[in-house]
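Peer 1: Quick one: structure below, then a few questions.
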Amino acid sequence: MSLKAKIEAIVYAAEMPVTLEQIFQLVKDSVVAEQEGMDEAGAKSRVRATLEELAAEYGTSEHGIELRQVAGGYRMSTKPEQHDMVRAFAKSLKPPIRLSLPALETLAVIAYKQPVTVPEISEIRGVDSGGVIATLLDRKLITTAGRKAVIGRPILYKTTREFLMRFGLKDVNELPSMEEFEKLVAESFQSDLLPAAEKGAAPAENHQLDQGPSEPSTEPTSAVSDETAEIEAFSEESVHAHTGTPEK
């Protein structure tokens, strides 16, 4: 991969403006390796020149985005003249879906074990999951998949196309491993709960899900569940993260 491609990917992926020094630290080994005898000063000059080349390329009228210097760093953003178009697009997007930990756990079981019944889900989670199923059905993240051929013929559930769209997946085969998924969930809740723990203030608010059915009181009362932290499962690319502010 060329140096220009590497820098372009770094700047595009960064949520905050990324500085020249940050970029240099990431690519300096490959830059120095490509040209023997080049010192760090020369390598940094090459990185700076490449950034300027990218800025010039994106500065042409053929591109709707630009590479801008913001707050001492670089970031990708839409050009001011495209503001109205991007704003209209942003308004057309669906709002984020916020899920409680019990709902997310249930959704994960369905995604990895589908098609699956409520008794099977409850057995895996160790608590009744009936009320959470209603919440997921209401958000169109799961749907029915017939009935299982056993006594009582319980309903089978599976994920929907909406689930794939929300999580940015081509199909369920692109789901991360269970170990990776559990790690992501743990990190998400740790980052949500840490600020509250640091402040040592009053207990966290009991956020309710978006007008959805309430979940049963049979859910476990672990420290994480009591905090009722929310996870935003909106996986479509954030428009605002890369949207420039129109010039007055």
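Each chain of the structure tokens is named A, B, ... in the order shown, its residues numbered from 1; ligands are numbered from 1 in display order.
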Let's see if you can do this: from backbone DSSP, list all strand (DSSP E or B) residues in stretch 10-167 of chain A, as a ChimeraX atom specification.
Peer 2: /A:18,65-70,73-78,98-99,116-117,142-147,155-159
Peer 1: What's around stretch 170-178 of chain A at 12 Å? Count only C-alpha atoms, leave out sequence neighbours fewer than 5 positions away in its own chain, and write the answer as a PyMOL selection string.
Peer 2: chain A and resi 105+108-114+158-165+183-185
Peer 1: Kindly export the residues of the current selection with N, CA and C atoms, as a short mmCIF file (atom, residue, chain, number, x, y, z; two decimals), in the first residue's frame.
Peer 2:
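Full text of part.cif as output:
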```cif
data_model
loop_
_atom_site.label_atom_id
_atom_site.label_comp_id
_atom_site.auth_asym_id
_atom_site.auth_seq_id
_atom_site.Cartn_x
_atom_site.Cartn_y
_atom_site.Cartn_z
N GLU A 105 -28.03 -8.77 25.02
CA GLU A 105 -27.68 -10.17 25.26
C GLU A 105 -28.62 -11.10 24.48
N ALA A 108 -27.96 -11.03 20.80
CA ALA A 108 -26.73 -11.76 20.49
C ALA A 108 -27.00 -13.27 20.43
N VAL A 109 -27.79 -13.76 21.38
CA VAL A 109 -28.12 -15.19 21.39
C VAL A 109 -28.86 -15.57 20.12
N ILE A 110 -29.82 -14.75 19.74
CA ILE A 110 -30.60 -15.04 18.52
C ILE A 110 -29.70 -14.99 17.29
N ALA A 111 -28.82 -13.99 17.23
CA ALA A 111 -27.95 -13.84 16.06
C ALA A 111 -27.03 -15.04 15.89
N TYR A 112 -26.51 -15.56 16.99
CA TYR A 112 -25.54 -16.66 16.90
C TYR A 112 -26.18 -18.04 16.91
N LYS A 113 -27.42 -18.16 17.42
CA LYS A 113 -28.05 -19.47 17.54
C LYS A 113 -29.27 -19.64 16.63
N GLN A 114 -29.59 -18.65 15.84
CA GLN A 114 -30.83 -18.68 15.06
C GLN A 114 -30.90 -19.88 14.10
N LYS A 158 -35.45 -15.35 14.42
CA LYS A 158 -34.21 -15.10 13.68
C LYS A 158 -34.04 -13.61 13.48
N THR A 159 -32.85 -13.20 13.09
CA THR A 159 -32.59 -11.78 12.84
C THR A 159 -33.17 -11.38 11.48
N THR A 160 -33.29 -10.09 11.28
CA THR A 160 -33.90 -9.56 10.06
C THR A 160 -32.90 -8.80 9.19
N ARG A 161 -33.37 -8.36 8.04
CA ARG A 161 -32.56 -7.52 7.17
C ARG A 161 -32.24 -6.19 7.87
N GLU A 162 -33.19 -5.71 8.68
CA GLU A 162 -32.97 -4.49 9.44
C GLU A 162 -31.78 -4.67 10.39
N PHE A 163 -31.66 -5.84 10.99
CA PHE A 163 -30.53 -6.14 11.88
C PHE A 163 -29.22 -6.02 11.12
N LEU A 164 -29.17 -6.60 9.92
CA LEU A 164 -27.95 -6.54 9.11
C LEU A 164 -27.62 -5.10 8.75
N MET A 165 -28.63 -4.31 8.40
CA MET A 165 -28.41 -2.92 8.02
C MET A 165 -27.91 -2.11 9.21
N LYS A 183 -16.05 -9.06 24.21
CA LYS A 183 -15.05 -8.04 24.51
C LYS A 183 -15.55 -6.65 24.13
N LEU A 184 -16.21 -6.55 22.96
CA LEU A 184 -16.75 -5.27 22.51
C LEU A 184 -17.82 -4.76 23.47
N VAL A 185 -18.71 -5.67 23.91
CA VAL A 185 -19.77 -5.28 24.83
C VAL A 185 -19.18 -4.80 26.16
#
```
Peer 1: Which is closest to A:Gln82 among A:His63, A:Arg98, A:Glu57, A:Leu107, if we use only C-alpha atoms?
Peer 2: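 For A:Gln82, the nearest of the candidates is A:His63.
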Peer 1: I'd like the interatomic distance between atom CA of A:Tyr58 and atom CA of A:Ser77, to a tenth of an Å.
Peer 2: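 Going from atom CA of A:Tyr58 over to atom CA of A:Ser77 covers 10.3 Å.
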Peer 1: Go through stretch 45-74 of chain A residue by residue and, counting only C-alpha atoms, keep those with an atom at most 10 Å from stretch 9-31 of chain A; for each kept residue give the shortest atom pair and its distance in Å to one decimal, ordered by chain and increasing number, as JSON lines.
Peer 2:
```
{"residue": "A:Ser45", "atom": "CA", "partner": "A:Phe24", "partner_atom": "CA", "distance": 9.5}
{"residue": "A:Arg46", "atom": "CA", "partner": "A:Val31", "partner_atom": "CA", "distance": 8.3}
{"residue": "A:Val47", "atom": "CA", "partner": "A:Phe24", "partner_atom": "CA", "distance": 6.6}
{"residue": "A:Arg48", "atom": "CA", "partner": "A:Leu20", "partner_atom": "CA", "distance": 7.0}
{"residue": "A:Leu51", "atom": "CA", "partner": "A:Leu20", "partner_atom": "CA", "distance": 8.7}
{"residue": "A:Leu67", "atom": "CA", "partner": "A:Val11", "partner_atom": "CA", "distance": 8.4}
{"residue": "A:Arg68", "atom": "CA", "partner": "A:Pro17", "partner_atom": "CA", "distance": 8.9}
{"residue": "A:Gln69", "atom": "CA", "partner": "A:Pro17", "partner_atom": "CA", "distance": 7.8}
{"residue": "A:Val70", "atom": "CA", "partner": "A:Pro17", "partner_atom": "CA", "distance": 6.2}
{"residue": "A:Ala71", "atom": "CA", "partner": "A:Pro17", "partner_atom": "CA", "distance": 7.0}
{"residue": "A:Gly72", "atom": "CA", "partner": "A:Thr19", "partner_atom": "CA", "distance": 6.4}
{"residue": "A:Gly73", "atom": "CA", "partner": "A:Thr19", "partner_atom": "CA", "distance": 4.0}
{"residue": "A:Tyr74", "atom": "CA", "partner": "A:Pro17", "partner_atom": "CA", "distance": 4.8}
```
Peer 1: Give me a file of those residues, with N, CA and C atoms, as an mmCIF file, in the first residue's frame.
Peer 2:
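New file part.cif:
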```
data_model
loop_
_atom_site.group_PDB
_atom_site.id
_atom_site.type_symbol
_atom_site.label_atom_id
_atom_site.label_comp_id
_atom_site.auth_asym_id
_atom_site.auth_seq_id
_atom_site.Cartn_x
_atom_site.Cartn_y
_atom_site.Cartn_z
ATOM 1 N N SER A 45 9.133 15.029 6.628
ATOM 2 C CA SER A 45 8.922 15.960 5.517
ATOM 3 C C SER A 45 8.135 15.289 4.398
ATOM 4 N N ARG A 46 8.443 14.012 4.175
ATOM 5 C CA ARG A 46 7.722 13.282 3.127
ATOM 6 C C ARG A 46 6.262 13.096 3.506
ATOM 7 N N VAL A 47 5.993 12.811 4.781
ATOM 8 C CA VAL A 47 4.612 12.658 5.238
ATOM 9 C C VAL A 47 3.856 13.975 5.072
ATOM 10 N N ARG A 48 4.509 15.092 5.427
ATOM 11 C CA ARG A 48 3.877 16.399 5.275
ATOM 12 C C ARG A 48 3.583 16.701 3.813
ATOM 13 N N LEU A 51 0.570 14.729 2.667
ATOM 14 C CA LEU A 51 -0.668 15.349 3.148
ATOM 15 C C LEU A 51 -1.064 16.525 2.267
ATOM 16 N N LEU A 67 -9.759 17.575 2.464
ATOM 17 C CA LEU A 67 -8.856 17.321 3.583
ATOM 18 C C LEU A 67 -8.529 18.673 4.196
ATOM 19 N N ARG A 68 -9.009 18.901 5.423
ATOM 20 C CA ARG A 68 -8.870 20.212 6.053
ATOM 21 C C ARG A 68 -7.951 20.152 7.270
ATOM 22 N N GLN A 69 -7.331 21.265 7.567
ATOM 23 C CA GLN A 69 -6.585 21.408 8.807
ATOM 24 C C GLN A 69 -7.527 22.008 9.847
ATOM 25 N N VAL A 70 -7.723 21.263 10.926
ATOM 26 C CA VAL A 70 -8.644 21.681 11.980
ATOM 27 C C VAL A 70 -7.976 21.487 13.337
ATOM 28 N N ALA A 71 -7.918 22.523 14.130
ATOM 29 C CA ALA A 71 -7.395 22.443 15.502
ATOM 30 C C ALA A 71 -6.041 21.757 15.576
ATOM 31 N N GLY A 72 -5.147 22.120 14.685
ATOM 32 C CA GLY A 72 -3.799 21.570 14.719
ATOM 33 C C GLY A 72 -3.649 20.193 14.109
ATOM 34 N N GLY A 73 -4.707 19.675 13.516
ATOM 35 C CA GLY A 73 -4.649 18.355 12.892
ATOM 36 C C GLY A 73 -5.342 18.336 11.540
ATOM 37 N N TYR A 74 -5.521 17.135 11.003
ATOM 38 C CA TYR A 74 -6.163 16.975 9.700
ATOM 39 C C TYR A 74 -7.396 16.107 9.848
#
```
Peer 1: Mind the document's chain letters and residue numbers, and return as a ChimeraX atom specification the residues of stretch 140-187 of chain A that DSSP labels helix (DSSP H, G or I).
Peer 2: /A:161-166,172-174,178-187
Peer 1: For those residues, write C-alpha atoms to a file as a PDB file, in the first residue's frame.
Peer 2:
```
ATOM      1  CA  ARG A 161     -32.558  -7.515   7.167  1.00  0.00           C
ATOM      2  CA  GLU A 162     -32.967  -4.491   9.444  1.00  0.00           C
ATOM      3  CA  PHE A 163     -30.530  -6.136  11.880  1.00  0.00           C
ATOM      4  CA  LEU A 164     -27.950  -6.537   9.110  1.00  0.00           C
ATOM      5  CA  MET A 165     -28.411  -2.921   8.018  1.00  0.00           C
ATOM      6  CA  ARG A 166     -28.143  -1.540  11.557  1.00  0.00           C
ATOM      7  CA  VAL A 172     -24.709 -13.265   9.604  1.00  0.00           C
ATOM      8  CA  ASN A 173     -21.479 -14.952   8.525  1.00  0.00           C
ATOM      9  CA  GLU A 174     -19.766 -11.596   9.071  1.00  0.00           C
ATOM     10  CA  MET A 178     -18.412 -14.748  20.503  1.00  0.00           C
ATOM     11  CA  GLU A 179     -15.148 -13.854  22.250  1.00  0.00           C
ATOM     12  CA  GLU A 180     -14.760 -10.686  20.156  1.00  0.00           C
ATOM     13  CA  PHE A 181     -18.412  -9.783  20.686  1.00  0.00           C
ATOM     14  CA  GLU A 182     -18.191 -10.171  24.465  1.00  0.00           C
ATOM     15  CA  LYS A 183     -15.049  -8.038  24.509  1.00  0.00           C
ATOM     16  CA  LEU A 184     -16.752  -5.268  22.513  1.00  0.00           C
ATOM     17  CA  VAL A 185     -19.770  -5.281  24.834  1.00  0.00           C
ATOM     18  CA  ALA A 186     -17.562  -5.198  27.942  1.00  0.00           C
ATOM     19  CA  GLU A 187     -15.537  -2.278  26.568  1.00  0.00           C
TER      20      GLU A 187
END
```
Peer 1: With distances taken over only C-alpha atoms, which of A:Lys4, A:Lys94, A:Arg75, A:His83 is nearest to A:Glu53?
Peer 2: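 Smallest separation from A:Glu53 among the options: A:Lys4.
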Peer 1: Could you check the closest approach to A:Glu52 for each of A:Arg125, A:Pro115, A:Ala88, A:Glu66 and tell me which residue wins, using only C-alpha atoms?
Peer 2: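 Residue with the minimum atom-to-atom distance to A:Glu52: A:Glu66.
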Peer 1: At what distance in Å, to one decimal, does atom CA of A:Lys140 lie from atom CA of A:Ser100?
Peer 2: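 Computed distance, atom CA of A:Ser100 to atom CA of A:Lys140, equals 15.7 Å.
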Peer 1: Just to confirm, what's the straight-line distance from atom CA of A:Thr50 to atom CA of A:Ser2 in Å (one decimal)?
Peer 2: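 Value for the atom CA of A:Thr50-atom CA of A:Ser2 distance: 10.4 Å.
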Peer 1: Write out as a list of chain:residue names each polymer residue whose atoms come within 6 Å of A:Tyr157, counting only C-alpha atoms; drop sequence neighbours fewer than 4 positions from it.
Peer 2: A:Pro115, A:Val116, A:Thr143, A:Thr144, A:Ala145
